[in-house]
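To be precise, the following lines are start-v7.pdb, and they hold PDB, C-alpha atoms.
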ATOM      1  CA  MET R 912      -4.086 -16.592  -8.740
ATOM      2  CA  SER R 913      -4.704 -16.619 -12.468
ATOM      3  CA  THR R 914      -8.067 -15.950 -14.082
ATOM      4  CA  PRO R 915      -9.433 -16.844 -17.512
ATOM      5  CA  ASN R 916     -10.521 -13.245 -18.100
ATOM      6  CA  LYS R 917      -9.670 -12.252 -21.664
ATOM      7  CA  ASP R 918     -10.657  -9.411 -23.949
ATOM      8  CA  ILE R 919     -10.986  -6.918 -21.129
ATOM      9  CA  GLU R 920     -11.792  -3.429 -22.361
ATOM     10  CA  LYS R 921     -12.323  -0.977 -19.494
ATOM     11  CA  VAL R 922     -11.804  -1.528 -15.762
ATOM     12  CA  GLU R 923     -12.079   0.368 -12.520
ATOM     13  CA  VAL R 924      -9.626  -0.127  -9.682
ATOM     14  CA  ARG R 925     -11.147   0.860  -6.332
ATOM     15  CA  VAL R 926      -9.576   1.165  -2.876
ATOM     16  CA  LYS R 927     -11.079   2.066   0.477
ATOM     17  CA  TRP R 928      -9.877   2.280   4.070
ATOM     18  CA  ASP R 929     -10.846   3.730   7.427
ATOM     19  CA  PRO R 930      -9.617   7.180   8.405
ATOM     20  CA  SER R 931      -6.937   7.309  11.081
ATOM     21  CA  PRO R 932      -8.001   7.794  14.710
ATOM     22  CA  HIS R 933      -8.628  11.363  15.892
ATOM     23  CA  GLY R 934      -5.345  13.182  16.452
ATOM     24  CA  ALA R 935      -3.250  10.675  14.466
ATOM     25  CA  ALA R 936      -1.624  11.385  11.103
ATOM     26  CA  ALA R 937      -3.913  10.705   8.139
ATOM     27  CA  ASN R 938      -3.833   7.358   6.339
ATOM     28  CA  ASP R 939      -3.247   8.024   2.634
ATOM     29  CA  LEU R 940      -3.366   5.113   0.185
ATOM     30  CA  ASP R 941      -2.697   5.688  -3.507
ATOM     31  CA  ILE R 942      -3.438   3.626  -6.603
ATOM     32  CA  ILE R 943      -0.514   3.500  -9.035
ATOM     33  CA  ALA R 944      -0.645   2.157 -12.603
ATOM     34  CA  ALA R 945       2.537   1.498 -14.580
ATOM     35  CA  THR R 946       2.351   1.015 -18.348
ATOM     36  CA  TYR R 947       5.088  -0.998 -20.076
ATOM     37  CA  PRO R 948       6.090  -1.194 -23.745
ATOM     38  CA  ALA R 949       5.198  -4.420 -25.551
ATOM     39  CA  ASP R 950       8.836  -4.880 -26.615
ATOM     40  CA  ASP R 951      10.140  -4.537 -23.012
ATOM     41  CA  PRO R 952       7.324  -5.552 -20.624
ATOM     42  CA  TYR R 953       9.642  -5.966 -17.611
ATOM     43  CA  GLY R 954      11.891  -2.957 -18.206
ATOM     44  CA  ALA R 955      11.268   0.589 -17.102
ATOM     45  CA  PRO R 956       7.657   1.762 -17.287
ATOM     46  CA  ALA R 957       6.790   3.997 -20.225
ATOM     47  CA  TYR R 958       4.812   6.095 -17.752
ATOM     48  CA  LEU R 959       3.180   6.014 -14.321
ATOM     49  CA  VAL R 960      -0.262   7.225 -13.340
ATOM     50  CA  HIS R 961      -0.844   8.107  -9.678
ATOM     51  CA  PHE R 962      -2.183  10.967  -7.550
ATOM     52  CA  ASP R 963      -2.493  14.230  -9.454
ATOM     53  CA  SER R 964      -1.788  12.654 -12.849
ATOM     54  CA  ARG R 965      -3.277  10.807 -15.800
ATOM     55  CA  SER R 966      -1.839   8.987 -18.795
ATOM     56  CA  PRO R 967      -0.585  11.122 -21.694
ATOM     57  CA  ASP R 968      -3.303   9.696 -23.982
ATOM     58  CA  GLY R 969      -6.118   9.875 -21.405
ATOM     59  CA  THR R 970      -6.630   6.094 -21.213
ATOM     60  CA  ILE R 971      -5.780   5.873 -17.497
ATOM     61  CA  THR R 972      -7.383   8.393 -15.158
ATOM     62  CA  LEU R 973      -7.500   8.743 -11.391
ATOM     63  CA  ASN R 974     -11.142   9.723 -10.896
ATOM     64  CA  ARG R 975     -11.151   9.998  -7.125
ATOM     65  CA  ASP R 976      -8.217  10.720  -4.814
ATOM     66  CA  SER R 977      -8.529  10.706  -1.029
ATOM     67  CA  ARG R 978      -5.792  11.710   1.354
ATOM     68  CA  THR R 979      -7.680  10.622   4.485
ATOM     69  CA  GLY R 980     -10.027   7.693   3.757
ATOM     70  CA  GLN R 981     -13.012   9.784   4.847
ATOM     71  CA  GLY R 982     -16.285   9.382   3.029
ATOM     72  CA  PHE R 983     -18.629   6.651   1.914
ATOM     73  CA  GLY R 984     -17.743   3.839  -0.454
ATOM     74  CA  PHE R 985     -14.437   3.683  -2.225
ATOM     75  CA  ASP R 986     -11.976   6.474  -1.483
ATOM     76  CA  GLU R 987      -9.720   6.107  -4.549
ATOM     77  CA  VAL R 988     -10.962   5.095  -8.015
ATOM     78  CA  MET R 989      -8.892   4.726 -11.196
ATOM     79  CA  THR R 990     -10.291   3.955 -14.657
ATOM     80  CA  ILE R 991      -8.137   2.063 -17.160
ATOM     81  CA  GLU R 992      -9.382   1.970 -20.758
ATOM     82  CA  LEU R 993      -7.369  -0.941 -22.137
ATOM     83  CA  ASN R 994      -9.319  -0.983 -25.410
ATOM     84  CA  ARG R 995      -7.951   2.498 -26.213
ATOM     85  CA  LEU R 996      -4.342   1.831 -25.188
ATOM     86  CA  ALA R 997      -1.925   1.995 -28.149
ATOM     87  CA  GLU R 998      -0.546  -1.283 -29.522
ATOM     88  CA  ARG R 999       2.973  -0.279 -28.452
ATOM     89  CA  TYR R1000       1.952  -1.057 -24.851
ATOM     90  CA  GLY R1001       1.670  -4.676 -23.768
ATOM     91  CA  ARG R1002       1.473  -4.646 -19.983
ATOM     92  CA  VAL R1003      -0.170  -2.544 -17.262
ATOM     93  CA  VAL R1004       0.676  -3.278 -13.617
ATOM     94  CA  VAL R1005      -1.550  -1.854 -10.869
ATOM     95  CA  GLY R1006      -0.485  -1.337  -7.279
ATOM     96  CA  VAL R1007      -1.496   0.402  -4.069
ATOM     97  CA  ALA R1008       1.007   2.320  -1.925
ATOM     98  CA  ILE R1009       0.682   3.870   1.519
ATOM     99  CA  GLN R1010       2.166   7.358   1.784
ATOM    100  CA  GLN R1011       4.949   7.335   4.388
ATOM    101  CA  ARG R1012       5.109  11.064   5.215
ATOM    102  CA  ASP R1013       4.361  10.581   8.911
ATOM    103  CA  GLY R1014       6.348   7.454   9.747
ATOM    104  CA  HIS R1015       6.288   3.810   8.699
ATOM    105  CA  LYS R1016       2.708   2.577   8.078
ATOM    106  CA  THR R1017       1.680  -0.887   6.917
ATOM    107  CA  PHE R1018      -1.598  -2.316   5.647
ATOM    108  CA  GLY R1019      -1.997  -4.104   8.992
ATOM    109  CA  ALA R1020      -2.040  -0.751  10.819
ATOM    110  CA  ILE R1021      -4.864   0.682   8.681
ATOM    111  CA  GLY R1022      -8.424  -0.381   9.420
ATOM    112  CA  SER R1023     -10.899  -1.866   6.945
ATOM    113  CA  THR R1024      -8.741  -1.827   3.838
ATOM    114  CA  ALA R1025     -10.363  -3.178   0.676
ATOM    115  CA  MET R1026      -9.538  -3.258  -3.015
ATOM    116  CA  GLU R1027     -11.458  -4.417  -6.041
ATOM    117  CA  ILE R1028     -10.884  -4.438  -9.761
ATOM    118  CA  ALA R1029     -14.024  -4.642 -11.886
ATOM    119  CA  GLU R1030     -15.069  -4.539 -15.504
ATOM    120  CA  GLY R1031     -18.604  -3.203 -15.399
ATOM    121  CA  TYR R1032     -20.457  -5.318 -12.834
ATOM    122  CA  THR R1033     -17.954  -8.191 -13.057
ATOM    123  CA  LYS R1034     -15.401  -8.274 -10.251
ATOM    124  CA  LEU R1035     -12.071  -9.480 -11.542
ATOM    125  CA  ALA R1036     -10.352  -9.270  -8.138
ATOM    126  CA  GLU R1037     -10.980  -8.226  -4.568
ATOM    127  CA  ASN R1038      -8.734  -8.244  -1.532
ATOM    128  CA  ASP R1039      -8.405  -6.746   1.941
ATOM    129  CA  PHE R1040      -4.569  -6.733   2.125
ATOM    130  CA  SER R1041      -4.594  -9.031   5.181
ATOM    131  CA  ASP R1042      -2.139 -11.416   3.476
ATOM    132  CA  VAL R1043       0.335  -8.549   3.124
ATOM    133  CA  ALA R1044      -0.339  -6.824   6.468
ATOM    134  CA  TRP R1045       3.425  -6.265   6.877
ATOM    135  CA  ALA R1046       3.708  -4.364   3.578
ATOM    136  CA  THR R1047       3.684  -0.644   2.805
ATOM    137  CA  ALA R1048       2.645  -1.241  -0.824
ATOM    138  CA  ALA R1049       1.348  -4.088  -2.980
ATOM    139  CA  VAL R1050       0.916  -5.052  -6.609
ATOM    140  CA  VAL R1051      -2.775  -5.969  -6.966
ATOM    141  CA  GLY R1052      -2.954  -7.150 -10.570
ATOM    142  CA  GLU R1053      -1.634  -6.956 -14.072
ATOM    143  CA  PHE R1054      -3.072  -6.745 -17.556
ATOM    144  CA  THR R1055      -1.138  -8.196 -20.495
ATOM    145  CA  ARG R1056      -1.582  -8.794 -24.191
ATOM    146  CA  ASP R1057       0.396 -10.244 -27.068
ATOM    147  CA  GLY R1058       0.687  -7.911 -30.022
ATOM    148  CA  SER R1059      -2.673  -6.350 -30.770
ATOM    149  CA  GLY R1060      -4.564  -9.287 -29.233
ATOM    150  CA  PRO R1061      -7.055  -9.179 -26.380
ATOM    151  CA  TRP R1062      -6.065  -8.040 -22.913
ATOM    152  CA  GLY R1063      -5.894 -10.672 -20.185
ATOM    153  CA  PHE R1064      -5.835 -10.188 -16.429
ATOM    154  CA  ARG R1065      -3.894 -11.836 -13.642
ATOM    155  CA  SER R1066      -4.815 -11.123 -10.043
ATOM    156  CA  ALA R1067      -1.767 -11.249  -7.812
ATOM    157  CA  VAL R1068      -1.389  -9.436  -4.494
ATOM    158  CA  ARG R1069       2.336  -9.152  -3.802
ATOM    159  CA  GLY R1070       3.526  -7.093  -0.850
ATOM    160  CA  TYR R1071       6.427  -4.661  -0.855
ATOM    161  CA  ASP R1072       8.144  -2.803   1.984
ATOM    162  CA  GLY R1073       9.451   0.598   0.958
ATOM    163  CA  ASP R1074       8.443   4.122   0.079
ATOM    164  CA  PRO R1075       5.957   4.800  -2.764
ATOM    165  CA  ASP R1076       8.628   6.126  -5.174
ATOM    166  CA  THR R1077      10.820   3.038  -4.804
ATOM    167  CA  PHE R1078       7.757   0.800  -5.134
ATOM    168  CA  ALA R1079       6.625   2.571  -8.322
ATOM    169  CA  ALA R1080      10.048   2.008  -9.893
ATOM    170  CA  ALA R1081      10.146  -1.701  -8.943
ATOM    171  CA  MET R1082       6.503  -2.840  -9.059
ATOM    172  CA  GLY R1083       6.608  -4.235 -12.596
ATOM    173  CA  SER R1084      10.055  -5.819 -12.510
ATOM    174  CA  ARG R1085      10.586  -9.576 -12.576
ATOM    175  CA  ALA R1086      12.166  -9.319  -9.113
ATOM    176  CA  ALA R1087       8.890  -7.918  -7.737
ATOM    177  CA  GLU R1088       7.012 -11.006  -8.955
ATOM    178  CA  GLY R1089       8.751 -13.226  -6.366
TER     179      GLY R1089
END
When written as structure tokens, how does the structure in this file appear?
Amino acid sequence: MSTPNKDIEKVEVRVKWDPSPHGAAANDLDIIAATYPADDPYGAPAYLVHFDSRSPDGTITLNRDSRTGQGFGFDEVMTIELNRLAERYGRVVVGVAIQQRDGHKTFGAIGSTAMEIAEGYTKLAENDFSDVAWATAAVVGEFTRDGSGPWGFRSAVRGYDGDPDTFAAAMGSRAAEG
């Protein structure tokens, strides 16, 4: 799905899910953002932001990180300040991956998953991962710009089956757009 959203400055990516049943291994979902150079938007990411990290320039920050899904509201929250991102970057791809430490887990096996991307009070995207219930990770959207122009947004939930490290390396490639 494509949206007419242009000139986006600062967004929040939010994810929530139910904790695993008592006695079962914890469900741990992670937001991952990959930033790509303007001169190679489908090559290797310039850098990744995920659990326990932030962008080198402080424009992408993981504000809340949950390893269990316990709590009220959204369990993981990432802020992306596109208006502060250097002109050398032209694409930011955002995804969600399920940690696979305790066996193969898919979105369909985790209760009450939800994701939203918002700029202020305006929701740019929301999804519950039901269309990719078979997947262990998913791209949830991408931000692009030409030169120093305004940032645009494209909502696209694309499932992926693999571990979080492999997903992070492939999430912004043309092959992952399939």
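Minimum atom-to-atom distance to Thr1055 (chain R), evaluated using all atoms listed in the file, belongs to R:Ile919 out of R:Ile919, R:Ile971, R:Ile943, R:Val1007.
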Pull out every residue that the PyMOL selection byres ((chain R and resi 1035) around 12) matches in the shown coordinates and put them as a compact mmCIF listing (two decimals) with C-alpha atoms, keeping the file's coordinate frame.
# COMPACT_ATOMS: atom_id res chain seq x y z
CA MET R 912 -4.09 -16.59 -8.74
CA SER R 913 -4.70 -16.62 -12.47
CA THR R 914 -8.07 -15.95 -14.08
CA PRO R 915 -9.43 -16.84 -17.51
CA ASN R 916 -10.52 -13.24 -18.10
CA LYS R 917 -9.67 -12.25 -21.66
CA ILE R 919 -10.99 -6.92 -21.13
CA LYS R 921 -12.32 -0.98 -19.49
CA VAL R 922 -11.80 -1.53 -15.76
CA GLU R 923 -12.08 0.37 -12.52
CA VAL R 924 -9.63 -0.13 -9.68
CA ARG R 925 -11.15 0.86 -6.33
CA MET R 1026 -9.54 -3.26 -3.02
CA GLU R 1027 -11.46 -4.42 -6.04
CA ILE R 1028 -10.88 -4.44 -9.76
CA ALA R 1029 -14.02 -4.64 -11.89
CA GLU R 1030 -15.07 -4.54 -15.50
CA GLY R 1031 -18.60 -3.20 -15.40
CA TYR R 1032 -20.46 -5.32 -12.83
CA THR R 1033 -17.95 -8.19 -13.06
CA LYS R 1034 -15.40 -8.27 -10.25
CA ALA R 1036 -10.35 -9.27 -8.14
CA GLU R 1037 -10.98 -8.23 -4.57
CA ASN R 1038 -8.73 -8.24 -1.53
CA VAL R 1051 -2.78 -5.97 -6.97
CA GLY R 1052 -2.95 -7.15 -10.57
CA GLU R 1053 -1.63 -6.96 -14.07
CA PHE R 1054 -3.07 -6.74 -17.56
CA GLY R 1063 -5.89 -10.67 -20.18
CA PHE R 1064 -5.84 -10.19 -16.43
CA ARG R 1065 -3.89 -11.84 -13.64
CA SER R 1066 -4.82 -11.12 -10.04
CA ALA R 1067 -1.77 -11.25 -7.81
Result set, the PyMOL selection byres ((chain R and resi 1040) around 10) on current file, as an mmCIF file with C-alpha atoms, keeping the file's coordinate frame:
data_model
loop_
_atom_site.group_PDB
_atom_site.id
_atom_site.type_symbol
_atom_site.label_atom_id
_atom_site.label_comp_id
_atom_site.auth_asym_id
_atom_site.auth_seq_id
_atom_site.Cartn_x
_atom_site.Cartn_y
_atom_site.Cartn_z
ATOM 1 C CA VAL R 1007 -1.496 0.402 -4.069
ATOM 2 C CA THR R 1017 1.680 -0.887 6.917
ATOM 3 C CA PHE R 1018 -1.598 -2.316 5.647
ATOM 4 C CA GLY R 1019 -1.997 -4.104 8.992
ATOM 5 C CA ILE R 1021 -4.864 0.682 8.681
ATOM 6 C CA SER R 1023 -10.899 -1.866 6.945
ATOM 7 C CA THR R 1024 -8.741 -1.827 3.838
ATOM 8 C CA ALA R 1025 -10.363 -3.178 0.676
ATOM 9 C CA MET R 1026 -9.538 -3.258 -3.015
ATOM 10 C CA GLU R 1037 -10.980 -8.226 -4.568
ATOM 11 C CA ASN R 1038 -8.734 -8.244 -1.532
ATOM 12 C CA ASP R 1039 -8.405 -6.746 1.941
ATOM 13 C CA SER R 1041 -4.594 -9.031 5.181
ATOM 14 C CA ASP R 1042 -2.139 -11.416 3.476
ATOM 15 C CA VAL R 1043 0.335 -8.549 3.124
ATOM 16 C CA ALA R 1044 -0.339 -6.824 6.468
ATOM 17 C CA TRP R 1045 3.425 -6.265 6.877
ATOM 18 C CA ALA R 1046 3.708 -4.364 3.578
ATOM 19 C CA ALA R 1048 2.645 -1.241 -0.824
ATOM 20 C CA ALA R 1049 1.348 -4.088 -2.980
ATOM 21 C CA VAL R 1051 -2.775 -5.969 -6.966
ATOM 22 C CA VAL R 1068 -1.389 -9.436 -4.494
ATOM 23 C CA ARG R 1069 2.336 -9.152 -3.802
ATOM 24 C CA GLY R 1070 3.526 -7.093 -0.850
#
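The space between CA of Phe962 (chain R) and CA of Arg999 (chain R) spans 24.3 Å.
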### Contacts of Pro1075 (chain R) at 7 Å (all atoms listed in the file; same-chain gap of 2+ positions) as a ChimeraX atom specification
/R:1008-1010,1073,1077-1079
#### Entry: For Leu959 (chain R), the nearest of the candidates R:Ala935, R:Leu996, R:Val926, R:Val1005, counting only C-alpha atoms
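Closest to Leu959 (chain R) of all the choices is R:Val1005.
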